[in-house]
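Everything below belongs to structure_13.cif, which stores mmCIF, C-alpha atoms.
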data_target
loop_
_atom_site.label_atom_id
_atom_site.label_comp_id
_atom_site.auth_asym_id
_atom_site.auth_seq_id
_atom_site.Cartn_x
_atom_site.Cartn_y
_atom_site.Cartn_z
CA MET M 558 76.37 18.68 6.35
CA THR M 559 77.88 19.83 3.07
CA ASN M 560 76.71 23.22 1.88
CA PHE M 561 75.80 23.09 -1.80
CA SER M 562 74.54 26.66 -1.91
CA THR M 563 75.44 28.52 -5.05
CA PRO M 564 77.98 31.34 -4.72
CA ILE M 565 77.36 34.26 -7.05
CA MET M 566 79.31 37.44 -7.66
CA LYS M 567 77.70 40.75 -6.80
CA SER M 568 78.61 43.97 -8.59
CA ASN M 569 81.24 44.77 -5.95
CA SER M 570 82.92 41.36 -6.65
CA GLN M 571 82.10 40.04 -3.18
CA PRO M 572 80.83 36.44 -3.24
CA HIS M 573 77.26 36.04 -2.04
CA THR M 574 75.61 32.72 -1.23
CA LEU M 575 72.03 32.18 -2.38
CA GLU M 576 69.49 30.46 -0.16
CA PRO M 577 68.92 26.90 -1.45
CA ALA M 578 65.77 26.59 -3.55
CA LEU M 579 64.72 23.47 -1.63
CA ARG M 580 66.04 21.86 1.54
CA MET M 581 65.26 18.73 3.57
CA GLU M 582 66.21 18.16 7.18
CA GLY M 583 65.95 14.70 8.69
CA VAL M 584 63.19 13.45 6.38
CA THR M 585 62.14 9.83 6.83
CA VAL M 586 59.39 8.29 4.69
CA SER M 587 57.71 4.92 5.03
CA TYR M 588 54.78 3.30 3.26
CA GLY M 589 53.02 1.07 5.74
CA SER M 590 55.75 -1.09 7.30
CA MET M 591 58.22 -0.49 4.42
CA LEU M 592 60.89 2.14 5.13
CA ALA M 593 61.57 4.04 1.88
CA VAL M 594 64.15 6.68 2.93
CA ARG M 595 65.70 7.44 6.31
CA GLU M 596 67.03 10.73 7.74
CA VAL M 597 67.56 12.58 4.44
CA PHE M 598 69.42 15.91 4.64
CA LEU M 599 69.54 17.56 1.22
CA GLU M 600 69.93 21.02 -0.33
CA ILE M 601 68.92 21.80 -3.90
CA PRO M 602 70.78 24.94 -5.04
CA SER M 603 69.05 27.88 -6.69
CA HIS M 604 69.69 28.56 -10.38
CA GLN M 605 71.26 25.17 -11.11
CA ILE M 606 70.10 21.96 -12.70
CA THR M 607 69.91 19.04 -10.30
CA ALA M 608 69.51 15.37 -11.26
CA PHE M 609 68.68 12.42 -9.02
CA ILE M 610 70.53 9.37 -10.31
CA GLY M 611 70.52 5.92 -8.75
CA PRO M 612 69.29 2.36 -9.07
CA SER M 613 65.65 1.37 -9.04
CA GLY M 614 64.18 1.38 -5.55
CA CYS M 615 66.75 3.65 -3.89
CA GLY M 616 64.26 6.44 -3.01
CA LYS M 617 64.64 9.01 -5.80
CA SER M 618 60.90 9.30 -6.49
CA THR M 619 60.06 9.22 -2.78
CA VAL M 620 62.29 12.25 -2.14
CA LEU M 621 60.81 14.12 -5.13
CA ARG M 622 57.29 13.38 -3.86
CA CYS M 623 58.21 15.10 -0.60
CA PHE M 624 59.11 18.27 -2.50
CA ASN M 625 55.88 18.36 -4.52
CA ARG M 626 53.74 16.96 -1.64
CA THR M 627 52.26 14.07 -3.64
CA ASN M 628 53.13 11.73 -0.75
CA ASP M 629 50.19 13.46 0.95
CA LEU M 630 47.91 11.64 -1.51
CA ILE M 631 49.17 8.19 -0.47
CA PRO M 632 47.19 7.03 2.60
CA SER M 633 49.91 4.66 3.86
CA ALA M 634 52.70 7.29 3.62
CA ARG M 635 54.22 8.38 6.93
CA ILE M 636 56.67 11.29 6.86
CA THR M 637 58.82 12.87 9.56
CA GLY M 638 61.21 15.78 9.15
CA ASN M 639 61.11 19.23 7.59
CA VAL M 640 61.06 20.46 4.00
CA PHE M 641 61.85 24.09 3.19
CA SER M 642 61.23 26.10 0.02
CA ARG M 643 63.41 29.20 -0.40
CA GLY M 644 64.06 29.25 3.35
CA SER M 645 60.42 29.05 4.46
CA ILE M 646 58.98 25.92 6.02
CA TYR M 647 57.08 24.08 3.32
CA MET M 648 56.17 20.92 5.16
CA ALA M 649 56.62 20.02 8.80
CA ARG M 650 54.89 16.73 9.26
CA ARG M 651 55.60 14.56 12.29
CA LEU M 652 53.81 11.26 12.53
CA ILE M 653 54.62 8.60 15.10
CA LEU M 654 54.39 5.15 13.57
#

Show me, as structure tokens, the structure contained in the file I just sent.
Amino acid sequence: MTNFSTPIMKSNSQPHTLEPALRMEGVTVSYGSMLAVREVFLEIPSHQITAFIGPSGCGKSTVLRCFNRTNDLIPSARITGNVFSRGSIYMARRLIL
């Protein structure tokens, strides 16, 4: 997995790596029988702007809904994997389809 953590310089000029603001590990989302995204591993760095760019239907909104937990409001949504916010577990939801 590529580490996209943001290096910063401390006062003693030693590089220091920030904890990612958000992280996903092995997240799979389906709506009913439709698989939306499979096995997503993603780190969103702290103190940087991040954009999700891609064609319609590729899963951008589905991934964002995992971060803000609005998939929880969709009855047919099934999510597996882990989502972390600033290093703490934010969502650990395991559902067997």

Subject >> Residues in the PyMOL selection byres ((chain M and resi 595) around 8), expressed as number ranges by chain >> reply: M: 583-586, 592-594, 596-597

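Of the listed residues M:Ile646, M:Cys615, M:Ile631, M:Val640, the one whose atoms come nearest to M:Leu599 is M:Val640, with distances taken using only C-alpha atoms.
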
Subject >> Interatomic distance (Å, one decimal) between atom CA of M:Pro577 and atom CA of M:Leu621 >> reply: 15.6 Å

**OP:** On this file, the PyMOL selection byres ((chain M and resi 600) around 6) gives some set of residues; write that set as a PyMOL selection string.
**Re:** chain M and resi 579-580+599+601

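In this model, the gap between atom CA of M:Leu630 and atom CA of M:Ser603 comes to 27.2 Å.
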
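Comparing M:Leu575, M:Ser618, M:Ser587, M:Ala608 by their smallest distance to M:Thr637, the closest is M:Ser587 (using only C-alpha atoms).
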
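Minimum atom-to-atom distances from M:Phe598, M:Asp629, M:Lys617, M:Ala634 to M:Glu582 were compared using all atoms listed in the file, and the lowest value belongs to M:Phe598.
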
Original post:
Pick from M:Gly616, M:Tyr588, M:Ala578, M:Gly644: nearest to M:Asn628, with only C-alpha atoms counted?
Top reply: M:Tyr588
